[in-house]
Amino acid sequence: MSALSPSVPTALVTGGSRGIGRAIALTLARDGFQVLLTYVSRPEEAQETVDAIVREGGSARAEALNVGDGEAVSAFFAEQVKDKVRLAALVNNAGITKDGFLVRMKDEDFDRVLTINLRGAFLCTREAAKIMSKNRYGRIVNISSVVGQMGNAGQINYAAAKAGLLGLTKSCAKELAARNITVNAVAPGFIETDMTAGLADDVRAAYAEAIPLKRMGTAQEIADAVSFLVSDKAAYITGQVLGVNGGMYC
Ligand code: NAP
């Protein structure tokens, strides 16, 4: 595992192995951050992201971390403190879906989606805030979803988790502003990644038709929004939700 330099600002991207997280990791590396990215099940894809960053002249490290596991999250952050990693940005991107209609949804599917998407962000934000508070600087971005804003039949667990993230974002923004830490959310619409790859063609076409810009978004378009929110240009923006959804929900 390669060491990160304590003198260079580091961005932690959870679920940075593929999809939106990978695009965020690559983009923040181009912005000048060292990138610490996490994965849970696909070390090869995480390593591919690291290799791509290194090929472009950046530095990055990938570590396994299940964000829903409180003990693992505490141990992970303790390790970063020991290594004197200068944590400047946290992107809570790790997420899963386990779709089903309300009356058929199993307790464990509801709990699992809440645990990864919402509790995971809470656990990482709490630990990151301790480090950032000491440094009197930090940028936190939570990847929510348009589904958390407008609801979606068949996704009550996911919508609840993503709506919860917006409350978490706004409350953390108020608590942490005094420490010069901003906390914002990006709410993507429908984006081309593994998460949406399983949609049937007719469902995909119906979604695209319902989007005013008439297409699904790209992971890069989400990464560009995150890049802005962690930059100095966004220093006076906190507690906000930036929709990147092709006009689907305004
Ligand atoms: P994806 O392609 O399925 O990638 C999910 C990422 O999360 C992977 O890096 C995965 O790691 C990681 N992950 C899964 N479970 C985890 C856990 N327990 N602990 C830590 N990491 C875990 O998803 P995506 O489409 O890029 O979505 C990224 C984020 O954007 C999610 O929060 C999602 O809800 C949100 N979002 C996506 C869309 C969309 O249309 N795609 C729309 C709105 C919001 P492994 O590779 O190791 O499995």
# chains A, B, ... in the order shown; residues from 1 in each chain; ligands from 1
$ residues_around --residues "Thr125 (chain A)" --least-positions-apart "6" --cutoff "10 Å" --atoms "only C-alpha atoms" --output "list in words"
Leu90, Val91, Asn92, Arg119, Met132, Ile140, Val141, Asn142, Leu168, Thr169, Cys172 and Val183 of chain A
$ write_last_selection --atoms "N, CA and C atoms" --output "PDB file, in the first residue's frame"
ATOM      1  N   LEU A  90     -13.985  15.042   1.870  1.00  0.00           N
ATOM      2  CA  LEU A  90     -14.628  13.728   1.981  1.00  0.00           C
ATOM      3  C   LEU A  90     -15.815  13.717   1.034  1.00  0.00           C
ATOM      4  N   VAL A  91     -15.875  12.693   0.181  1.00  0.00           N
ATOM      5  CA  VAL A  91     -17.044  12.523  -0.681  1.00  0.00           C
ATOM      6  C   VAL A  91     -17.713  11.205  -0.290  1.00  0.00           C
ATOM      7  N   ASN A  92     -18.872  11.314   0.334  1.00  0.00           N
ATOM      8  CA  ASN A  92     -19.641  10.133   0.722  1.00  0.00           C
ATOM      9  C   ASN A  92     -20.431   9.664  -0.492  1.00  0.00           C
ATOM     10  N   ARG A 119     -26.273   5.539   7.069  1.00  0.00           N
ATOM     11  CA  ARG A 119     -25.432   5.367   8.265  1.00  0.00           C
ATOM     12  C   ARG A 119     -23.958   5.439   7.890  1.00  0.00           C
ATOM     13  N   MET A 132     -10.920  17.242  10.378  1.00  0.00           N
ATOM     14  CA  MET A 132     -11.059  18.542   9.704  1.00  0.00           C
ATOM     15  C   MET A 132     -11.204  19.676  10.714  1.00  0.00           C
ATOM     16  N   ILE A 140     -17.008  18.620   2.617  1.00  0.00           N
ATOM     17  CA  ILE A 140     -17.703  17.331   2.604  1.00  0.00           C
ATOM     18  C   ILE A 140     -18.830  17.395   1.570  1.00  0.00           C
ATOM     19  N   VAL A 141     -18.888  16.382   0.721  1.00  0.00           N
ATOM     20  CA  VAL A 141     -19.966  16.323  -0.283  1.00  0.00           C
ATOM     21  C   VAL A 141     -20.638  14.953  -0.165  1.00  0.00           C
ATOM     22  N   ASN A 142     -21.936  14.974   0.005  1.00  0.00           N
ATOM     23  CA  ASN A 142     -22.712  13.739   0.085  1.00  0.00           C
ATOM     24  C   ASN A 142     -23.425  13.497  -1.242  1.00  0.00           C
ATOM     25  N   LEU A 168     -29.046  15.236   6.889  1.00  0.00           N
ATOM     26  CA  LEU A 168     -27.697  15.103   7.475  1.00  0.00           C
ATOM     27  C   LEU A 168     -26.803  16.230   6.959  1.00  0.00           C
ATOM     28  N   THR A 169     -26.873  16.472   5.660  1.00  0.00           N
ATOM     29  CA  THR A 169     -26.042  17.509   5.022  1.00  0.00           C
ATOM     30  C   THR A 169     -26.316  18.879   5.640  1.00  0.00           C
ATOM     31  N   CYS A 172     -25.240  19.016   9.404  1.00  0.00           N
ATOM     32  CA  CYS A 172     -23.780  19.041   9.549  1.00  0.00           C
ATOM     33  C   CYS A 172     -23.236  20.395   9.098  1.00  0.00           C
ATOM     34  N   VAL A 183     -20.417  21.608   4.026  1.00  0.00           N
ATOM     35  CA  VAL A 183     -21.063  20.306   3.792  1.00  0.00           C
ATOM     36  C   VAL A 183     -22.205  20.522   2.803  1.00  0.00           C
TER      37      VAL A 183
END
$ residues_near_ligand --ligand "ligand 1" --cutoff "8 Å" --atoms "only C-alpha atoms and all ligand atoms" --output "short mmCIF file (atom, residue, chain, number, x, y, z; two decimals) with all heavy atoms, in the first residue's frame"
data_model
loop_
_atom_site.label_atom_id
_atom_site.label_comp_id
_atom_site.auth_asym_id
_atom_site.auth_seq_id
_atom_site.Cartn_x
_atom_site.Cartn_y
_atom_site.Cartn_z
N THR A 14 -15.46 7.57 -0.91
CA THR A 14 -15.93 6.22 -0.61
C THR A 14 -16.60 5.64 -1.86
O THR A 14 -17.26 6.36 -2.62
CB THR A 14 -16.92 6.22 0.58
OG1 THR A 14 -18.12 6.89 0.22
CG2 THR A 14 -16.31 6.86 1.82
N GLY A 15 -16.39 4.34 -2.08
CA GLY A 15 -16.92 3.73 -3.30
C GLY A 15 -16.29 4.35 -4.53
O GLY A 15 -16.98 4.64 -5.52
N GLY A 16 -14.97 4.52 -4.48
CA GLY A 16 -14.28 5.16 -5.61
C GLY A 16 -13.77 4.19 -6.65
O GLY A 16 -13.04 4.57 -7.55
N SER A 17 -14.16 2.93 -6.53
CA SER A 17 -13.61 1.90 -7.43
C SER A 17 -14.20 1.96 -8.83
O SER A 17 -13.55 1.59 -9.80
CB SER A 17 -13.84 0.51 -6.83
OG SER A 17 -15.15 0.39 -6.35
N ARG A 18 -15.46 2.41 -8.92
CA ARG A 18 -16.09 2.39 -10.26
C ARG A 18 -17.21 3.43 -10.30
O ARG A 18 -17.49 4.10 -9.30
CB ARG A 18 -16.62 0.99 -10.60
CG ARG A 18 -17.58 0.43 -9.59
CD ARG A 18 -17.74 -1.08 -9.73
NE ARG A 18 -18.34 -1.65 -8.53
CZ ARG A 18 -19.64 -1.89 -8.40
NH1 ARG A 18 -20.46 -1.64 -9.39
NH2 ARG A 18 -20.11 -2.38 -7.27
N GLY A 19 -17.83 3.55 -11.47
CA GLY A 19 -19.00 4.43 -11.62
C GLY A 19 -18.71 5.88 -11.28
O GLY A 19 -17.66 6.43 -11.62
N ILE A 20 -19.64 6.49 -10.59
CA ILE A 20 -19.53 7.90 -10.24
C ILE A 20 -18.32 8.15 -9.35
O ILE A 20 -17.59 9.13 -9.52
CB ILE A 20 -20.85 8.36 -9.56
CG1 ILE A 20 -22.00 8.36 -10.58
CG2 ILE A 20 -20.68 9.74 -8.93
CD1 ILE A 20 -23.39 8.59 -9.97
N GLY A 21 -18.09 7.24 -8.40
CA GLY A 21 -16.95 7.41 -7.48
C GLY A 21 -15.63 7.43 -8.22
O GLY A 21 -14.73 8.20 -7.88
N ARG A 22 -15.50 6.56 -9.23
CA ARG A 22 -14.24 6.55 -10.02
C ARG A 22 -14.07 7.89 -10.74
O ARG A 22 -12.96 8.46 -10.74
CB ARG A 22 -14.27 5.41 -11.03
CG ARG A 22 -13.09 5.48 -11.99
CD ARG A 22 -13.09 4.36 -12.99
NE ARG A 22 -12.70 3.09 -12.37
CZ ARG A 22 -12.62 1.94 -13.01
NH1 ARG A 22 -12.90 1.88 -14.29
NH2 ARG A 22 -12.27 0.83 -12.38
N THR A 38 -12.02 4.16 -1.51
CA THR A 38 -12.38 2.89 -0.87
C THR A 38 -13.27 2.06 -1.78
O THR A 38 -13.92 2.58 -2.68
CB THR A 38 -13.09 3.10 0.48
OG1 THR A 38 -14.42 3.59 0.23
CG2 THR A 38 -12.34 4.07 1.38
N TYR A 39 -13.26 0.76 -1.51
CA TYR A 39 -14.10 -0.18 -2.24
C TYR A 39 -14.56 -1.22 -1.22
O TYR A 39 -14.06 -1.24 -0.09
CB TYR A 39 -13.29 -0.85 -3.37
CG TYR A 39 -12.12 -1.64 -2.85
CD1 TYR A 39 -12.23 -3.01 -2.58
CD2 TYR A 39 -10.91 -1.01 -2.56
CE1 TYR A 39 -11.16 -3.73 -2.08
CE2 TYR A 39 -9.83 -1.73 -2.05
CZ TYR A 39 -9.97 -3.09 -1.81
OH TYR A 39 -8.92 -3.79 -1.29
N VAL A 40 -15.48 -2.06 -1.64
CA VAL A 40 -15.88 -3.11 -0.70
C VAL A 40 -15.72 -4.50 -1.29
O VAL A 40 -15.34 -5.44 -0.59
CB VAL A 40 -17.31 -2.85 -0.17
CG1 VAL A 40 -18.36 -3.02 -1.25
CG2 VAL A 40 -17.64 -3.74 1.01
N SER A 41 -15.95 -4.66 -2.60
CA SER A 41 -15.95 -6.02 -3.16
C SER A 41 -15.09 -6.16 -4.40
O SER A 41 -14.90 -7.28 -4.88
CB SER A 41 -17.39 -6.42 -3.52
OG SER A 41 -17.87 -5.57 -4.54
N ARG A 42 -14.60 -5.07 -4.97
CA ARG A 42 -13.91 -5.17 -6.26
C ARG A 42 -12.52 -4.52 -6.21
O ARG A 42 -12.33 -3.41 -6.72
CB ARG A 42 -14.74 -4.51 -7.34
CG ARG A 42 -16.14 -5.09 -7.44
CD ARG A 42 -16.70 -4.90 -8.80
NE ARG A 42 -18.12 -5.18 -8.83
CZ ARG A 42 -18.87 -5.04 -9.91
NH1 ARG A 42 -18.34 -4.62 -11.04
NH2 ARG A 42 -20.16 -5.32 -9.87
N PRO A 43 -11.56 -5.21 -5.57
CA PRO A 43 -10.22 -4.63 -5.46
C PRO A 43 -9.57 -4.34 -6.80
O PRO A 43 -8.84 -3.36 -6.95
CB PRO A 43 -9.43 -5.70 -4.69
CG PRO A 43 -10.25 -6.94 -4.72
CD PRO A 43 -11.67 -6.53 -4.93
N GLU A 45 -10.97 -3.37 -9.61
CA GLU A 45 -11.48 -2.11 -10.19
C GLU A 45 -10.94 -0.91 -9.41
O GLU A 45 -10.63 0.14 -9.99
CB GLU A 45 -13.01 -2.12 -10.20
CG GLU A 45 -13.53 -3.29 -11.02
CD GLU A 45 -14.85 -2.99 -11.71
OE1 GLU A 45 -15.15 -1.82 -11.96
OE2 GLU A 45 -15.56 -3.96 -12.02
N ALA A 46 -10.80 -1.08 -8.08
CA ALA A 46 -10.21 0.00 -7.28
C ALA A 46 -8.78 0.26 -7.73
O ALA A 46 -8.35 1.41 -7.89
CB ALA A 46 -10.26 -0.38 -5.80
N ALA A 64 -9.85 -1.25 1.29
CA ALA A 64 -11.16 -1.87 1.49
C ALA A 64 -11.82 -1.24 2.71
O ALA A 64 -11.18 -1.05 3.74
CB ALA A 64 -11.00 -3.37 1.70
N LEU A 65 -13.08 -0.88 2.56
CA LEU A 65 -13.83 -0.35 3.71
C LEU A 65 -15.32 -0.53 3.46
O LEU A 65 -15.87 0.05 2.52
CB LEU A 65 -13.52 1.14 3.92
CG LEU A 65 -14.35 1.81 5.02
CD1 LEU A 65 -13.99 1.26 6.40
CD2 LEU A 65 -14.18 3.33 5.01
N ASN A 66 -15.95 -1.29 4.33
CA ASN A 66 -17.41 -1.36 4.30
C ASN A 66 -17.92 -0.20 5.15
O ASN A 66 -17.79 -0.22 6.38
CB ASN A 66 -17.88 -2.71 4.87
CG ASN A 66 -19.39 -2.78 4.94
OD1 ASN A 66 -20.11 -1.83 4.61
ND2 ASN A 66 -19.89 -3.92 5.37
N VAL A 67 -18.50 0.80 4.49
CA VAL A 67 -18.88 2.02 5.24
C VAL A 67 -20.00 1.78 6.24
O VAL A 67 -20.23 2.61 7.12
CB VAL A 67 -19.26 3.18 4.28
CG1 VAL A 67 -18.08 3.63 3.45
CG2 VAL A 67 -20.46 2.82 3.41
N GLY A 68 -20.68 0.65 6.11
CA GLY A 68 -21.76 0.37 7.06
C GLY A 68 -21.27 -0.27 8.35
O GLY A 68 -22.04 -0.47 9.29
N ASP A 69 -19.98 -0.58 8.42
CA ASP A 69 -19.41 -1.26 9.57
C ASP A 69 -18.70 -0.23 10.47
O ASP A 69 -17.61 0.24 10.15
CB ASP A 69 -18.43 -2.33 9.05
CG ASP A 69 -17.71 -3.08 10.16
OD1 ASP A 69 -17.68 -2.60 11.31
OD2 ASP A 69 -17.15 -4.15 9.86
N ASN A 92 -18.87 11.31 0.33
CA ASN A 92 -19.64 10.13 0.72
C ASN A 92 -20.43 9.66 -0.49
O ASN A 92 -21.56 10.12 -0.75
CB ASN A 92 -20.58 10.47 1.88
CG ASN A 92 -19.86 10.59 3.19
OD1 ASN A 92 -19.11 9.69 3.58
ND2 ASN A 92 -20.05 11.71 3.89
N ASN A 93 -19.81 8.78 -1.25
CA ASN A 93 -20.38 8.34 -2.53
C ASN A 93 -20.87 6.88 -2.50
O ASN A 93 -21.75 6.51 -3.26
CB ASN A 93 -19.30 8.49 -3.62
CG ASN A 93 -19.68 7.76 -4.89
OD1 ASN A 93 -20.49 8.23 -5.68
ND2 ASN A 93 -19.08 6.58 -5.10
N ALA A 94 -20.30 6.06 -1.60
CA ALA A 94 -20.67 4.63 -1.59
C ALA A 94 -22.18 4.48 -1.45
O ALA A 94 -22.80 5.12 -0.61
CB ALA A 94 -19.97 3.92 -0.43
N GLY A 95 -22.74 3.62 -2.27
CA GLY A 95 -24.19 3.43 -2.19
C GLY A 95 -24.62 2.16 -2.90
O GLY A 95 -23.93 1.65 -3.77
N ILE A 96 -25.77 1.67 -2.48
CA ILE A 96 -26.35 0.47 -3.10
C ILE A 96 -27.86 0.68 -3.26
O ILE A 96 -28.45 1.57 -2.64
CB ILE A 96 -26.14 -0.80 -2.24
CG1 ILE A 96 -26.77 -0.63 -0.85
CG2 ILE A 96 -24.67 -1.15 -2.13
CD1 ILE A 96 -26.95 -1.94 -0.09
N THR A 97 -28.45 -0.16 -4.10
CA THR A 97 -29.92 -0.22 -4.18
C THR A 97 -30.35 -1.66 -3.88
O THR A 97 -29.59 -2.61 -4.10
CB THR A 97 -30.44 0.15 -5.59
OG1 THR A 97 -29.74 -0.64 -6.55
CG2 THR A 97 -30.24 1.62 -5.90
N ILE A 116 -25.91 1.28 4.45
CA ILE A 116 -24.81 1.67 3.56
C ILE A 116 -24.94 3.12 3.13
O ILE A 116 -23.98 3.91 3.21
CB ILE A 116 -24.76 0.76 2.30
CG1 ILE A 116 -24.71 -0.72 2.67
CG2 ILE A 116 -23.57 1.14 1.39
CD1 ILE A 116 -23.59 -1.14 3.57
N ASN A 117 -26.12 3.51 2.68
CA ASN A 117 -26.27 4.83 2.06
C ASN A 117 -26.33 5.97 3.07
O ASN A 117 -25.88 7.07 2.76
CB ASN A 117 -27.54 4.88 1.20
CG ASN A 117 -27.47 3.98 -0.02
OD1 ASN A 117 -26.93 4.33 -1.04
ND2 ASN A 117 -27.99 2.77 0.10
N GLY A 120 -23.61 4.89 6.72
CA GLY A 120 -22.22 4.94 6.27
C GLY A 120 -21.73 6.38 6.13
O GLY A 120 -20.61 6.71 6.54
N ILE A 143 -23.28 12.29 -1.78
CA ILE A 143 -23.95 11.97 -3.04
C ILE A 143 -25.33 11.41 -2.70
O ILE A 143 -25.48 10.26 -2.28
CB ILE A 143 -23.14 10.99 -3.90
CG1 ILE A 143 -21.71 11.51 -4.11
CG2 ILE A 143 -23.84 10.77 -5.24
CD1 ILE A 143 -21.58 12.85 -4.81
N SER A 144 -26.33 12.26 -2.88
CA SER A 144 -27.72 11.88 -2.63
C SER A 144 -28.31 11.37 -3.94
O SER A 144 -27.62 10.71 -4.72
CB SER A 144 -28.47 13.09 -2.07
OG SER A 144 -29.83 12.80 -1.88
N SER A 145 -29.55 11.72 -4.23
CA SER A 145 -30.18 11.30 -5.50
C SER A 145 -31.44 12.11 -5.71
O SER A 145 -32.11 12.51 -4.75
CB SER A 145 -30.55 9.82 -5.43
OG SER A 145 -31.39 9.49 -6.51
N VAL A 146 -31.80 12.28 -6.97
CA VAL A 146 -33.08 12.91 -7.31
C VAL A 146 -34.23 12.12 -6.68
O VAL A 146 -35.27 12.67 -6.34
CB VAL A 146 -33.24 13.00 -8.86
CG1 VAL A 146 -33.42 11.62 -9.48
CG2 VAL A 146 -34.37 13.92 -9.26
N VAL A 147 -34.00 10.83 -6.47
CA VAL A 147 -35.03 9.97 -5.88
C VAL A 147 -35.31 10.37 -4.42
O VAL A 147 -36.44 10.25 -3.94
CB VAL A 147 -34.58 8.48 -6.01
CG1 VAL A 147 -35.37 7.56 -5.12
CG2 VAL A 147 -34.67 8.04 -7.46
N TYR A 158 -34.30 3.23 -0.66
CA TYR A 158 -33.28 4.10 -1.27
C TYR A 158 -33.70 5.58 -1.16
O TYR A 158 -32.88 6.43 -0.80
CB TYR A 158 -33.12 3.67 -2.73
CG TYR A 158 -32.03 4.37 -3.50
CD1 TYR A 158 -30.69 4.08 -3.28
CD2 TYR A 158 -32.35 5.30 -4.50
CE1 TYR A 158 -29.69 4.71 -4.02
CE2 TYR A 158 -31.37 5.91 -5.24
CZ TYR A 158 -30.04 5.61 -5.00
OH TYR A 158 -29.05 6.24 -5.74
N LYS A 162 -31.65 8.45 0.80
CA LYS A 162 -31.13 9.62 0.07
C LYS A 162 -31.77 10.92 0.56
O LYS A 162 -31.12 11.97 0.56
CB LYS A 162 -31.34 9.44 -1.44
CG LYS A 162 -30.50 8.30 -2.03
CD LYS A 162 -29.01 8.51 -1.82
CE LYS A 162 -28.15 7.52 -2.58
NZ LYS A 162 -26.71 7.71 -2.35
N ALA A 187 -27.22 15.88 -5.90
CA ALA A 187 -28.32 14.94 -6.12
C ALA A 187 -28.38 14.60 -7.62
O ALA A 187 -29.01 15.33 -8.40
CB ALA A 187 -29.64 15.54 -5.64
N PRO A 188 -27.73 13.50 -8.01
CA PRO A 188 -27.76 13.13 -9.43
C PRO A 188 -29.14 12.65 -9.86
O PRO A 188 -29.91 12.10 -9.05
CB PRO A 188 -26.75 11.96 -9.52
CG PRO A 188 -25.97 11.99 -8.24
CD PRO A 188 -26.89 12.58 -7.22
N GLY A 189 -29.42 12.82 -11.15
CA GLY A 189 -30.60 12.20 -11.75
C GLY A 189 -30.21 10.78 -12.15
O GLY A 189 -29.52 10.09 -11.40
N PHE A 190 -30.62 10.34 -13.35
CA PHE A 190 -30.28 8.99 -13.80
C PHE A 190 -28.97 9.04 -14.58
O PHE A 190 -28.87 9.70 -15.59
CB PHE A 190 -31.42 8.38 -14.60
CG PHE A 190 -32.54 7.98 -13.69
CD1 PHE A 190 -33.58 8.86 -13.42
CD2 PHE A 190 -32.51 6.76 -13.03
CE1 PHE A 190 -34.59 8.52 -12.53
CE2 PHE A 190 -33.51 6.41 -12.15
CZ PHE A 190 -34.55 7.29 -11.89
N ILE A 191 -27.99 8.31 -14.06
CA ILE A 191 -26.62 8.38 -14.58
C ILE A 191 -26.21 7.00 -15.09
O ILE A 191 -26.52 5.98 -14.46
CB ILE A 191 -25.65 8.82 -13.44
CG1 ILE A 191 -26.17 10.09 -12.73
CG2 ILE A 191 -24.23 9.01 -13.97
CD1 ILE A 191 -26.32 11.32 -13.59
N GLU A 192 -25.50 6.99 -16.22
CA GLU A 192 -25.03 5.73 -16.81
C GLU A 192 -23.91 5.12 -15.96
O GLU A 192 -22.78 5.59 -15.99
CB GLU A 192 -24.46 5.97 -18.22
CG GLU A 192 -25.42 6.55 -19.22
CD GLU A 192 -26.26 5.47 -19.91
OE1 GLU A 192 -26.20 4.30 -19.49
OE2 GLU A 192 -26.99 5.84 -20.84
N THR A 193 -24.22 4.10 -15.15
CA THR A 193 -23.22 3.35 -14.37
C THR A 193 -23.73 1.93 -14.20
O THR A 193 -24.83 1.59 -14.66
CB THR A 193 -23.01 3.93 -12.95
OG1 THR A 193 -24.20 3.70 -12.19
CG2 THR A 193 -22.67 5.41 -12.95
N ASP A 194 -22.95 1.10 -13.48
CA ASP A 194 -23.40 -0.27 -13.20
C ASP A 194 -24.76 -0.27 -12.50
O ASP A 194 -25.56 -1.19 -12.68
CB ASP A 194 -22.40 -0.99 -12.27
CG ASP A 194 -21.08 -1.29 -12.97
OD1 ASP A 194 -21.01 -1.13 -14.20
OD2 ASP A 194 -20.12 -1.67 -12.27
N MET A 195 -24.98 0.77 -11.66
CA MET A 195 -26.22 0.80 -10.86
C MET A 195 -27.46 0.86 -11.75
O MET A 195 -28.51 0.34 -11.40
CB MET A 195 -26.19 2.00 -9.91
CG MET A 195 -27.29 1.99 -8.87
SD MET A 195 -27.13 3.34 -7.68
CE MET A 195 -26.16 2.59 -6.40
N THR A 196 -27.33 1.50 -12.91
CA THR A 196 -28.48 1.65 -13.80
C THR A 196 -28.37 0.75 -15.03
O THR A 196 -29.28 0.72 -15.86
CB THR A 196 -28.61 3.13 -14.25
OG1 THR A 196 -27.33 3.59 -14.69
CG2 THR A 196 -29.11 4.01 -13.14
N GLY A 217 -27.49 11.11 -17.56
CA GLY A 217 -26.26 11.87 -17.34
C GLY A 217 -25.05 10.95 -17.32
O GLY A 217 -25.16 9.72 -17.33
N ALA A 219 -21.18 9.99 -15.47
CA ALA A 219 -20.48 10.06 -14.18
C ALA A 219 -19.62 11.32 -14.12
O ALA A 219 -19.49 11.96 -13.07
CB ALA A 219 -19.63 8.81 -13.99
#
$ atom_distance --atom1 "CA of Leu114 (chain A)" --atom2 "CA of Asn157 (chain A)"
6.7 Å
$ closest_atom_pairs --of "region 74-135 of chain A" --to "region 8-11 of chain A" --cutoff "7 Å" --atoms "only C-alpha atoms" --output "JSON lines"
{"residue": "A:Val85", "atom": "CA", "partner": "A:Thr10", "partner_atom": "CA", "distance": 6.9}
{"residue": "A:Arg86", "atom": "CA", "partner": "A:Pro9", "partner_atom": "CA", "distance": 5.3}
{"residue": "A:Leu87", "atom": "CA", "partner": "A:Thr10", "partner_atom": "CA", "distance": 4.9}
{"residue": "A:Ala88", "atom": "CA", "partner": "A:Pro9", "partner_atom": "CA", "distance": 5.4}
{"residue": "A:Ala89", "atom": "CA", "partner": "A:Ala11", "partner_atom": "CA", "distance": 4.5}
{"residue": "A:Leu90", "atom": "CA", "partner": "A:Ala11", "partner_atom": "CA", "distance": 5.7}
$ residues_around --residues "Arg136 (chain A)" --least-positions-apart "5" --cutoff "12 Å" --atoms "only C-alpha atoms" --output "list of chain:residue names"
A:Arg86, A:Leu87, A:Ala88, A:Ala128, A:Ala129, A:Lys130, A:Ile131, A:Leu176, A:Ala177, A:Ala178, A:Arg179, A:Asn180, A:Ile181, A:Thr182
$ write_last_selection --atoms "N, CA and C atoms" --output "mmCIF file, in the first residue's frame"
data_model
loop_
_atom_site.group_PDB
_atom_site.id
_atom_site.type_symbol
_atom_site.label_atom_id
_atom_site.label_comp_id
_atom_site.auth_asym_id
_atom_site.auth_seq_id
_atom_site.Cartn_x
_atom_site.Cartn_y
_atom_site.Cartn_z
ATOM 1 N N ARG A 86 -3.512 14.351 5.413
ATOM 2 C CA ARG A 86 -4.133 15.682 5.534
ATOM 3 C C ARG A 86 -5.488 15.670 4.821
ATOM 4 N N LEU A 87 -6.508 15.273 5.558
ATOM 5 C CA LEU A 87 -7.826 15.087 4.955
ATOM 6 C C LEU A 87 -8.497 16.436 4.711
ATOM 7 N N ALA A 88 -8.598 16.817 3.446
ATOM 8 C CA ALA A 88 -9.191 18.112 3.099
ATOM 9 C C ALA A 88 -10.608 17.948 2.575
ATOM 10 N N ALA A 128 -14.401 12.078 9.916
ATOM 11 C CA ALA A 128 -13.706 13.092 9.106
ATOM 12 C C ALA A 128 -13.796 14.454 9.788
ATOM 13 N N ALA A 129 -14.956 14.742 10.386
ATOM 14 C CA ALA A 129 -15.154 16.050 11.020
ATOM 15 C C ALA A 129 -14.172 16.273 12.168
ATOM 16 N N LYS A 130 -13.804 15.188 12.857
ATOM 17 C CA LYS A 130 -12.837 15.324 13.967
ATOM 18 C C LYS A 130 -11.495 15.790 13.421
ATOM 19 N N ILE A 131 -11.070 15.195 12.315
ATOM 20 C CA ILE A 131 -9.778 15.564 11.719
ATOM 21 C C ILE A 131 -9.860 16.972 11.131
ATOM 22 N N LEU A 176 -20.819 22.473 11.552
ATOM 23 C CA LEU A 176 -19.387 22.499 11.231
ATOM 24 C C LEU A 176 -18.906 23.809 10.616
ATOM 25 N N ALA A 177 -19.825 24.721 10.335
ATOM 26 C CA ALA A 177 -19.432 25.974 9.666
ATOM 27 C C ALA A 177 -18.401 26.741 10.492
ATOM 28 N N ALA A 178 -18.554 26.710 11.816
ATOM 29 C CA ALA A 178 -17.636 27.461 12.682
ATOM 30 C C ALA A 178 -16.205 26.954 12.564
ATOM 31 N N ARG A 179 -16.044 25.726 12.077
ATOM 32 C CA ARG A 179 -14.699 25.150 11.890
ATOM 33 C C ARG A 179 -14.233 25.279 10.444
ATOM 34 N N ASN A 180 -14.935 26.106 9.656
ATOM 35 C CA ASN A 180 -14.550 26.300 8.253
ATOM 36 C C ASN A 180 -14.665 25.004 7.448
ATOM 37 N N ILE A 181 -15.688 24.230 7.791
ATOM 38 C CA ILE A 181 -15.956 22.997 7.045
ATOM 39 C C ILE A 181 -17.301 23.179 6.340
ATOM 40 N N THR A 182 -17.302 23.042 5.016
ATOM 41 C CA THR A 182 -18.568 23.128 4.294
ATOM 42 C C THR A 182 -19.096 21.722 4.027
#
$ select_by_dssp --residues "region 67-246 of chain A" --states "alpha helix (DSSP H)" --output "VMD selection string"
chain A and resid 70 to 82 107 to 114 120 to 135 146 to 150 156 to 176 194 to 197 201 to 210 219 to 229
$ closest_residue --among "A:Ala185, A:Ala210, A:Leu166, A:Ala173" --to "Thr238 (chain A)" --atoms "only C-alpha atoms"
A:Ala173
